[in-house]
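Only one structure is covered here, and it is reproduced in the block below.
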Amino acid sequence: MIFNHTIIDNLPTSSGSLRPKSSSLIFVAVFIILLSTFASGLIKILIRQYLSPLRRLRCPPIPSMLWGNLMDMHDQENNYLIDRWEEEYGPVFAFRGFLSGSRLMTTDIRAVAYILGNAYDYPKPDFVRDGLASMAAGHDGLLTTEGEQHTRQRKILQPAFSASSLRAVTPVFWEKAAEIRDIWSALAEQQQESHRYDAKDEKHWSKGAKLDVLAWLGRATLDVIGLAGFGYSFDALSDNSNALADAFAAVFATASTFRFMIILATWFPILRKFRREESSEKHMRKTIRDISLQLIDERRAAAQIDAQEALAKKSEGDIHSYSPEPGQARDLLGLLMRSNFAVASHLRMSTSEILCQISTFIAAGHETSASALTWTLYALAKSPEVQSKLRASFRPLQSIPIGDPQLDDELTRLPYLDWVVREVLRLHSPVTNTMRVCKKAHDAIPVGAPGGYLDRDGQRRTSIEIKKGDIISVPIQAINRSRVIWGPDAREFRPERWAEASQSRCAVPGLWSNILTFLNGNTVNGNRSCIGYKFAILE
Ligand code: HEM
């Protein structure tokens with residue numbers, strides 16, 4: 001009886017009132033409420049985990065009852081752990097999460113297609129959405145919304161990624177590519193000069209220069225999304241100590257550290273409120289918010305006139321179309337602002353939604369592209385013969401000046417460039433996996449592997465039983481590199497594979513190029529594929 005004991009402890013020993021101190025009572029009451037909330041939460045988790053049909057799946061050994069396989073998964077290099085598990089347990093198995101709860105992991109492409117094709121029945125788990133929302137100024141951004149709100153937002157934003165809209169932003173890619181080329185050339189020159197000066201040793205020339213390529217490309221892609229999406233100049237490349245670029249780099253670097261608090265907050269949402277926020281994160285959020293408000297303010301008047309003119313010209317039926325008028329801005333900000341004044345509710349976005357979209361697109365559109373470009377340079381540096389072939393394929397285009405649209409067209413028609421881009425994005429997917437949760441009371445996910453898979457009791461099964469609340473991991477990178485799917489050389493960087501008919505017939509349910517890098521979806525039950533994939537490929 002902790003409660004009584006505490007009250008008795010509060011009784012005055014000599015004279016005075018016999019009433020216990022009210023502050024102690026409140027403290028004890030709060031403590032008991034917290035303890036019972038925690039205990040009932042824990043019991044619920046344990047019961048749910050015990051009843052989960054995923055317990056019937058085969059699973060790797062569990063190194064810790066508390067953290068399951070989570071620490072091993074965090075520490076693995078390049079997702080090879082998942083490859084090993086797939087080799088040992090087949091395309092359908094479970095790994096263990098917090099308190100050893102079973103989570104589904106599947107590389108079976110039919111099962112993955114089913115999960116991604118029913119995106120509103122299999123959304124991102126709440127703890128993932130909360131994490132993304134904290135980067136994106138709230139829960140109203142495209143990455144985190146669900147159902148009708150998500151469908152509406154995607155329809156409004158889609159025209160920003162049409163062929164003609166992307167053609168209009170191509171000069172930004174050229175401009176930033178030239179800028180980073182000049183910066184790197186100058187830095188390399190400086191380093192070589194200093195080597196020569198310091199060591200007076202010609203051999204240093206052959207060592208080349210050291211550059212933090214990922215950090216520089218992060219700055220370049222931040223500039224690109226700012227200009228191409230919102231007509232805003234972050235000047236991250238030209239400003240050596242750009243605070244926003246540094247803040248983004250710090251946020252993404254800390255996101256990759258294993259933190260017990262994050263795991264606990266997965267299951268106890270109240271703890272998310274006490275999450276220690278890095279100062280870089282705070283700074284990033286505040287800067288983006290200030291910039292977004294400034295952008296909204298600047299474009300509000302123009303958007304209002306745009307919307308009124310469109311309304312005056314259109315008949316009632318036309319008001320329900322999504323396409324901007326000829327001459328109207330098709331960049332992201334233009335579409336967002338016009339939607340703020342839309343008459344039809346299914347075309348309208350609130351100011352809070354617009355604020356979230358701006359930070360969503362800045363975050364989703366720049367780190368992923370920087371990572372893809374860094375891996376491209378890495379792959380080319382490791383394969384000098386691919387580098388030579390690629391360079392040779394560009395030579396015939398040397399006479400076409402940069403800025404001439406013919407050059408853009410010719411580049412998109414170069415087969416070797418196309419294979420290199422596909423191969424980098426297959427082998428080095430910047431998003432290595434994603435998570436989903438089952439929202440249906442019960443479901444059976446179909447499996448395509450011939451003969452199905454073996455469960456823990458050695459029984460063959462052709463579908464995966466799953467219950468509401470069960471968590472699924474979609475291992476994007478493991479599927480892109482699976483030897484079962486791509487053959488024995490799956491982990492080699494070999495652009496020529498894309499010339500072989502067998503590869504293009506590969507049945508991975510990806511949005512682009514039969515790889516899972518940009519995920520997939522369908523318009524009926526949720527399309528969560530990357531809306532910016534064409535932008536990224538051009539970039
Ligand atoms: C190589 C670069 C990129 C890669 C590998 C990539 C990959 C992905 C992936 C895997 C998703 C799905 C995430 C999930 O549901 O779990 C996604 C979603 C998204 N991406 Fe990309 N992305 C890239 C570039 C871009 C760019 C350049 C933009 C914007 C200009 C962008 C904007 C978005 C948005 C807004 C979503 C959310 C879509 C939705 O849920 O409806 N991405 N991306």
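Simple scheme: letters A, B, ... for chains in structure tokens order, numbers from 1 for residues in each chain, numbers from 1 for ligands in the order shown.
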
Considering only C-alpha atoms, return as a compact mmCIF listing (two decimals) with N, CA and C atoms, in the first residue's frame whatever protein or nucleic-acid residues lie within 12 Å of Leu46 in chain A, sequence-local ones (same chain, fewer than 6 positions apart) excluded.
```txt
# COMPACT_ATOMS: atom_id res chain seq x y z
N ALA A 39 1.98 0.25 -17.22
CA ALA A 39 1.77 -1.19 -17.04
C ALA A 39 0.68 -1.69 -17.98
N SER A 40 -0.42 -0.91 -18.11
CA SER A 40 -1.50 -1.41 -18.98
C SER A 40 -1.04 -1.37 -20.44
N SER A 52 -0.44 -12.34 -32.20
CA SER A 52 -0.13 -12.05 -33.61
C SER A 52 0.16 -13.34 -34.39
N LEU A 66 14.61 -7.80 -24.89
CA LEU A 66 14.06 -6.45 -24.84
C LEU A 66 14.05 -5.79 -26.22
N GLY A 97 11.14 -7.21 -32.78
CA GLY A 97 11.29 -5.81 -32.41
C GLY A 97 11.30 -5.67 -30.89
N PHE A 98 10.77 -4.54 -30.40
CA PHE A 98 10.72 -4.26 -28.96
C PHE A 98 9.96 -5.36 -28.23
N LEU A 99 10.49 -5.81 -27.11
CA LEU A 99 9.92 -6.90 -26.30
C LEU A 99 9.71 -8.17 -27.14
N SER A 100 10.59 -8.32 -28.12
CA SER A 100 10.61 -9.50 -29.00
C SER A 100 9.32 -9.71 -29.79
N GLY A 101 8.59 -8.63 -30.06
CA GLY A 101 7.39 -8.74 -30.90
C GLY A 101 7.77 -9.07 -32.34
N SER A 102 6.94 -9.94 -32.99
CA SER A 102 7.27 -10.35 -34.36
C SER A 102 6.87 -9.29 -35.37
N TRP A 267 6.27 2.68 -28.86
CA TRP A 267 5.17 2.00 -28.19
C TRP A 267 4.47 2.84 -27.15
```

Taking only C-alpha atoms and all ligand atoms and a cut-off of 8 Å, can you tell me which residues surround ligand 1, written as a PyMOL selection string? chain A and resi 124+141-145+150+154+225+229+357+360-362+364-373+425+429-436+476+516-520+527-537+539

Preceding selection exported with N, CA and C atoms as a compact mmCIF listing (two decimals), in the first residue's frame:
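Output file part.txt follows:
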```txt
# COMPACT_ATOMS: atom_id res chain seq x y z
N LYS A 124 1.78 3.88 -43.18
CA LYS A 124 2.98 3.93 -42.34
C LYS A 124 2.53 3.86 -40.88
N GLY A 141 1.51 17.11 -44.40
CA GLY A 141 2.31 17.01 -45.63
C GLY A 141 2.03 15.71 -46.37
N LEU A 142 2.37 15.66 -47.65
CA LEU A 142 2.04 14.49 -48.48
C LEU A 142 2.62 13.17 -47.95
N LEU A 143 3.78 13.25 -47.29
CA LEU A 143 4.38 12.01 -46.77
C LEU A 143 3.58 11.40 -45.63
N THR A 144 2.80 12.23 -44.93
CA THR A 144 2.15 11.73 -43.71
C THR A 144 0.62 11.67 -43.77
N THR A 145 0.01 12.33 -44.74
CA THR A 145 -1.46 12.29 -44.76
C THR A 145 -1.94 10.92 -45.25
N HIS A 150 -4.89 12.57 -48.53
CA HIS A 150 -3.71 12.23 -49.32
C HIS A 150 -4.04 12.22 -50.81
N ARG A 154 -2.34 14.72 -53.58
CA ARG A 154 -1.53 14.18 -54.68
C ARG A 154 -2.04 14.68 -56.02
N ILE A 225 16.11 22.16 -55.23
CA ILE A 225 14.69 22.06 -54.85
C ILE A 225 14.13 23.44 -54.48
N GLY A 229 11.42 24.20 -57.14
CA GLY A 229 10.10 23.99 -56.54
C GLY A 229 9.42 25.28 -56.10
N GLN A 357 3.56 21.13 -46.82
CA GLN A 357 4.07 20.63 -48.12
C GLN A 357 5.43 21.22 -48.43
N THR A 360 7.95 19.41 -46.47
CA THR A 360 8.00 18.01 -46.92
C THR A 360 8.83 17.89 -48.19
N PHE A 361 8.55 18.77 -49.15
CA PHE A 361 9.25 18.66 -50.43
C PHE A 361 10.73 19.04 -50.31
N ILE A 362 11.01 19.99 -49.43
CA ILE A 362 12.43 20.36 -49.26
C ILE A 362 13.18 19.18 -48.65
N ALA A 364 12.12 15.82 -48.45
CA ALA A 364 12.05 14.57 -49.24
C ALA A 364 12.83 14.70 -50.53
N GLY A 365 12.92 15.91 -51.06
CA GLY A 365 13.49 16.09 -52.39
C GLY A 365 14.98 16.33 -52.42
N HIS A 366 15.63 16.60 -51.26
CA HIS A 366 17.04 16.94 -51.43
C HIS A 366 18.03 15.92 -50.88
N GLU A 367 17.78 15.33 -49.69
CA GLU A 367 18.75 14.37 -49.16
C GLU A 367 18.81 13.08 -49.99
N THR A 368 17.62 12.63 -50.43
CA THR A 368 17.57 11.41 -51.25
C THR A 368 18.37 11.59 -52.54
N SER A 369 18.18 12.75 -53.19
CA SER A 369 18.87 12.99 -54.46
C SER A 369 20.37 13.12 -54.22
N ALA A 370 20.76 13.79 -53.12
CA ALA A 370 22.19 13.95 -52.82
C ALA A 370 22.82 12.58 -52.59
N SER A 371 22.09 11.71 -51.89
CA SER A 371 22.62 10.38 -51.62
C SER A 371 22.75 9.59 -52.94
N ALA A 372 21.75 9.69 -53.82
CA ALA A 372 21.81 8.97 -55.10
C ALA A 372 23.00 9.46 -55.94
N LEU A 373 23.22 10.78 -55.95
CA LEU A 373 24.32 11.33 -56.74
C LEU A 373 25.67 10.91 -56.16
N LEU A 425 20.64 3.27 -59.19
CA LEU A 425 19.43 3.34 -58.36
C LEU A 425 18.94 1.95 -57.94
N SER A 429 19.96 2.01 -53.52
CA SER A 429 18.72 2.74 -53.27
C SER A 429 18.89 3.66 -52.05
N PRO A 430 18.69 4.98 -52.21
CA PRO A 430 18.89 5.88 -51.06
C PRO A 430 17.94 5.57 -49.89
N VAL A 431 16.72 5.16 -50.19
CA VAL A 431 15.81 4.73 -49.09
C VAL A 431 15.92 3.21 -49.05
N THR A 432 16.53 2.68 -47.98
CA THR A 432 16.84 1.24 -48.01
C THR A 432 15.65 0.36 -47.59
N ASN A 433 14.78 0.88 -46.74
CA ASN A 433 13.55 0.13 -46.46
C ASN A 433 12.48 1.07 -45.91
N THR A 434 11.26 0.57 -45.91
CA THR A 434 10.17 1.37 -45.37
C THR A 434 9.26 0.47 -44.54
N MET A 435 8.42 1.10 -43.72
CA MET A 435 7.58 0.29 -42.82
C MET A 435 6.11 0.53 -43.07
N ARG A 436 5.33 -0.49 -42.82
CA ARG A 436 3.88 -0.39 -42.94
C ARG A 436 3.25 -1.10 -41.76
N ILE A 476 13.46 -2.56 -49.32
CA ILE A 476 13.66 -2.06 -50.69
C ILE A 476 15.01 -2.51 -51.25
N LEU A 516 12.60 -1.26 -56.85
CA LEU A 516 11.67 -0.78 -55.82
C LEU A 516 12.07 0.59 -55.24
N THR A 517 13.11 1.18 -55.82
CA THR A 517 13.72 2.41 -55.27
C THR A 517 12.71 3.53 -55.03
N PHE A 518 11.73 3.69 -55.93
CA PHE A 518 10.72 4.75 -55.76
C PHE A 518 9.39 4.16 -55.29
N LEU A 519 9.45 2.92 -54.84
CA LEU A 519 8.26 2.21 -54.36
C LEU A 519 7.18 2.07 -55.45
N ASN A 520 5.94 1.90 -55.05
CA ASN A 520 4.85 1.82 -56.02
C ASN A 520 3.53 2.03 -55.29
N ASN A 527 -1.74 5.72 -53.54
CA ASN A 527 -0.50 5.72 -54.29
C ASN A 527 0.59 6.40 -53.46
N ARG A 528 1.45 5.61 -52.84
CA ARG A 528 2.50 6.18 -51.99
C ARG A 528 3.85 6.12 -52.68
N SER A 529 3.84 5.96 -54.02
CA SER A 529 5.12 5.96 -54.72
C SER A 529 5.71 7.36 -54.68
N CYS A 530 6.99 7.48 -55.03
CA CYS A 530 7.65 8.78 -54.98
C CYS A 530 7.07 9.70 -56.06
N ILE A 531 6.47 10.79 -55.64
CA ILE A 531 5.86 11.71 -56.61
C ILE A 531 6.95 12.45 -57.39
N GLY A 532 8.17 12.53 -56.82
CA GLY A 532 9.23 13.31 -57.47
C GLY A 532 10.21 12.47 -58.26
N TYR A 533 9.83 11.22 -58.65
CA TYR A 533 10.85 10.33 -59.24
C TYR A 533 11.39 10.83 -60.57
N LYS A 534 10.55 11.46 -61.40
CA LYS A 534 11.05 11.94 -62.70
C LYS A 534 12.02 13.11 -62.48
N PHE A 535 11.68 13.93 -61.53
CA PHE A 535 12.54 15.07 -61.14
C PHE A 535 13.91 14.52 -60.72
N ALA A 536 13.88 13.47 -59.87
CA ALA A 536 15.13 12.89 -59.34
C ALA A 536 15.95 12.28 -60.47
N ILE A 537 15.31 11.59 -61.40
CA ILE A 537 16.05 10.93 -62.49
C ILE A 537 16.70 11.99 -63.38
N GLU A 539 17.55 14.96 -62.49
CA GLU A 539 18.59 15.60 -61.68
C GLU A 539 19.86 14.76 -61.68
```

Write out as JSON, numbers by chain the residues lying within 7 Å of Ser359 in chain A, counting only C-alpha atoms and excluding same-chain residues fewer than 5 positions away. {"A": [136, 137, 288]}

With only C-alpha atoms as the basis for distance, which of A:Ser24, A:Gln153, A:Ser383, A:Ser280 is at the shortest distance from Gly526 in chain A? A:Gln153

Would you kindly return, as a PDB file with C-alpha atoms, in the first residue's frame, each protein, DNA or RNA residue with an atom no farther than 12 Å from any atom of range 212-215 of chain A, considering only C-alpha atoms and excluding same-chain residues fewer than 5 positions away?
```pdb
ATOM      1  CA  ILE A 180      29.494  22.534 -58.161  1.00  0.00           C
ATOM      2  CA  ARG A 181      31.914  21.545 -60.959  1.00  0.00           C
ATOM      3  CA  ILE A 183      33.767  24.731 -56.799  1.00  0.00           C
ATOM      4  CA  TRP A 184      35.205  21.209 -56.831  1.00  0.00           C
ATOM      5  CA  LEU A 187      39.115  23.035 -54.233  1.00  0.00           C
ATOM      6  CA  ALA A 188      41.020  20.246 -55.955  1.00  0.00           C
ATOM      7  CA  ALA A 220      23.550  21.504 -54.470  1.00  0.00           C
ATOM      8  CA  THR A 221      20.286  19.556 -54.233  1.00  0.00           C
ATOM      9  CA  LEU A 222      18.975  21.933 -51.547  1.00  0.00           C
ATOM     10  CA  ALA A 236      23.754  26.803 -50.014  1.00  0.00           C
ATOM     11  CA  LEU A 237      26.506  26.169 -52.579  1.00  0.00           C
ATOM     12  CA  ASN A 240      30.322  28.375 -47.219  1.00  0.00           C
ATOM     13  CA  SER A 241      28.690  28.417 -43.812  1.00  0.00           C
ATOM     14  CA  ASN A 242      25.068  28.018 -44.833  1.00  0.00           C
ATOM     15  CA  ALA A 245      22.480  23.183 -45.135  1.00  0.00           C
ATOM     16  CA  ASP A 246      24.487  22.408 -41.981  1.00  0.00           C
ATOM     17  CA  ALA A 247      21.276  21.914 -39.966  1.00  0.00           C
ATOM     18  CA  PHE A 248      19.896  19.442 -42.528  1.00  0.00           C
ATOM     19  CA  ALA A 249      23.196  17.539 -42.603  1.00  0.00           C
ATOM     20  CA  ALA A 250      23.199  17.325 -38.770  1.00  0.00           C
ATOM     21  CA  PHE A 252      20.107  13.393 -41.145  1.00  0.00           C
ATOM     22  CA  ALA A 253      23.350  12.326 -39.449  1.00  0.00           C
ATOM     23  CA  HIS A 366      17.040  16.935 -51.429  1.00  0.00           C
ATOM     24  CA  GLU A 367      18.752  14.369 -49.157  1.00  0.00           C
ATOM     25  CA  THR A 368      17.568  11.410 -51.248  1.00  0.00           C
ATOM     26  CA  SER A 369      18.875  12.986 -54.461  1.00  0.00           C
ATOM     27  CA  ALA A 370      22.189  13.947 -52.818  1.00  0.00           C
ATOM     28  CA  SER A 371      22.619  10.379 -51.618  1.00  0.00           C
ATOM     29  CA  ALA A 372      21.812   8.971 -55.104  1.00  0.00           C
ATOM     30  CA  LEU A 373      24.324  11.334 -56.744  1.00  0.00           C
ATOM     31  CA  THR A 374      26.997  10.423 -54.187  1.00  0.00           C
ATOM     32  CA  TRP A 375      26.489   6.709 -54.862  1.00  0.00           C
ATOM     33  CA  THR A 376      26.696   7.419 -58.603  1.00  0.00           C
ATOM     34  CA  LEU A 377      30.110   9.018 -58.169  1.00  0.00           C
ATOM     35  CA  TYR A 378      31.192   6.167 -55.877  1.00  0.00           C
TER      36      TYR A 378
END
```

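Distance annotation: of A:Ile471, A:Gln191, A:Tyr232, A:Met284, the residue with the minimal separation from Leu244 in chain A is A:Met284; atom set is only C-alpha atoms.
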
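Neighbouring residues of Ala490 in chain A at 9 Å or closer, counting only C-alpha atoms and skipping chain neighbours under 4 positions away, are A:Leu427, A:Asn480, A:Arg481, A:Ser482, A:Arg483, A:Val484, A:Ile485, A:Trp486, A:Arg494.
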
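The spacing separating CA of Val524 in chain A from CA of Cys438 in chain A amounts to 17.6 Å.
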
For range 440-446 of chain A, list every protein, DNA or RNA residue within 10 Å, evaluated using only C-alpha atoms, and leave out those in the same chain fewer than 3 positions away; present the list as a tab-separated table (two decimals) with N, CA and C atoms, in the first residue's frame.
```
chain	number	residue	atom	x	y	z
A	53	PRO	N	-0.49	-13.50	-35.56
A	53	PRO	CA	-0.21	-14.70	-36.37
A	53	PRO	C	1.23	-14.72	-36.90
A	108	ASP	N	9.16	-11.39	-50.94
A	108	ASP	CA	8.30	-12.00	-51.97
A	108	ASP	C	7.61	-10.88	-52.76
A	109	ILE	N	7.82	-10.87	-54.09
A	109	ILE	CA	7.37	-9.69	-54.82
A	109	ILE	C	5.84	-9.60	-54.96
A	110	ARG	N	5.17	-10.75	-54.90
A	110	ARG	CA	3.71	-10.69	-54.95
A	110	ARG	C	3.17	-10.11	-53.64
A	111	ALA	N	3.76	-10.55	-52.53
A	111	ALA	CA	3.33	-10.03	-51.23
A	111	ALA	C	3.60	-8.52	-51.14
A	112	VAL	N	4.78	-8.11	-51.61
A	112	VAL	CA	5.13	-6.67	-51.56
A	112	VAL	C	4.17	-5.87	-52.45
A	113	ALA	N	3.86	-6.41	-53.64
A	113	ALA	CA	2.94	-5.70	-54.55
A	113	ALA	C	1.57	-5.54	-53.88
A	114	TYR	N	1.13	-6.56	-53.15
A	114	TYR	CA	-0.17	-6.52	-52.47
A	114	TYR	C	-0.17	-5.43	-51.39
A	115	ILE	N	0.91	-5.40	-50.60
A	115	ILE	CA	0.98	-4.43	-49.49
A	115	ILE	C	1.01	-3.00	-50.05
A	120	TYR	N	-3.72	2.31	-48.37
A	120	TYR	CA	-4.53	2.88	-47.29
A	120	TYR	C	-4.91	1.82	-46.25
A	121	ASP	N	-4.84	0.52	-46.63
A	121	ASP	CA	-5.03	-0.54	-45.64
A	121	ASP	C	-3.72	-0.86	-44.94
A	122	TYR	N	-2.61	-0.47	-45.60
A	122	TYR	CA	-1.28	-0.71	-45.03
A	122	TYR	C	-0.50	0.61	-44.98
A	437	VAL	N	1.95	-0.77	-41.51
A	437	VAL	CA	1.23	-1.46	-40.44
A	437	VAL	C	-0.11	-1.92	-41.00
A	449	ALA	N	5.92	-16.88	-54.37
A	449	ALA	CA	7.03	-17.84	-54.51
A	449	ALA	C	6.46	-19.21	-54.86
A	452	GLY	N	5.07	-21.62	-52.29
A	452	GLY	CA	4.86	-20.85	-51.05
A	452	GLY	C	6.12	-20.78	-50.20
A	461	ARG	N	2.97	-22.76	-46.74
A	461	ARG	CA	1.84	-21.84	-46.79
A	461	ARG	C	1.93	-20.96	-48.03
A	462	THR	N	0.77	-20.56	-48.53
A	462	THR	CA	0.76	-19.74	-49.76
A	462	THR	C	0.26	-18.31	-49.48
A	463	SER	N	-0.05	-18.03	-48.23
A	463	SER	CA	-0.40	-16.64	-47.88
A	463	SER	C	0.08	-16.36	-46.46
A	464	ILE	N	0.18	-15.06	-46.14
A	464	ILE	CA	0.67	-14.67	-44.80
A	464	ILE	C	-0.51	-14.14	-44.00
A	465	GLU	N	-0.83	-14.81	-42.91
A	465	GLU	CA	-1.90	-14.33	-42.02
A	465	GLU	C	-1.39	-13.11	-41.26
A	466	ILE	N	-2.20	-12.08	-41.19
A	466	ILE	CA	-1.76	-10.87	-40.50
A	466	ILE	C	-2.95	-10.22	-39.78
A	467	LYS	N	-2.67	-9.52	-38.67
A	467	LYS	CA	-3.75	-8.91	-37.87
A	467	LYS	C	-3.53	-7.43	-37.73
A	468	LYS	N	-4.59	-6.71	-37.39
A	468	LYS	CA	-4.51	-5.27	-37.15
A	468	LYS	C	-3.35	-4.94	-36.18
A	469	GLY	N	-2.54	-3.97	-36.54
A	469	GLY	CA	-1.45	-3.54	-35.66
A	469	GLY	C	-0.12	-4.24	-35.94
A	470	ASP	N	-0.15	-5.33	-36.73
A	470	ASP	CA	1.11	-6.02	-37.05
A	470	ASP	C	1.96	-5.13	-37.97
```

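With only C-alpha atoms as the atoms that count, the residue of A:Asp223, A:Pro384, A:Pro91, A:Phe341 with the shortest distance to Arg300 in chain A is A:Phe341.
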
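Coordinates place CA of Asp455 in chain A at a distance of 28.7 Å from CA of Phe127 in chain A.
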
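Coordinates place CA of Arg285 in chain A at a distance of 19.4 Å from CA of Gly231 in chain A.
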
Which parts of range 131-229 of chain A does DSSP call helix (DSSP H, G or I) when run on the backbone here, written out as a PyMOL selection string? chain A and resi 131-135+147-161+163-199+203-207+213-229

Would you mind listing what lies within 10 Å of Phe230 in chain A as a PyMOL selection string, with only C-alpha atoms counted and same-chain residues fewer than 5 positions away left out? chain A and resi 224-225+292+295-296+331-334+336+358+361-362

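The residue that comes closest to Leu104 in chain A, out of A:Gly448, A:Pro495, A:Pro396, A:Pro475 and on the basis of only C-alpha atoms, is A:Pro475.
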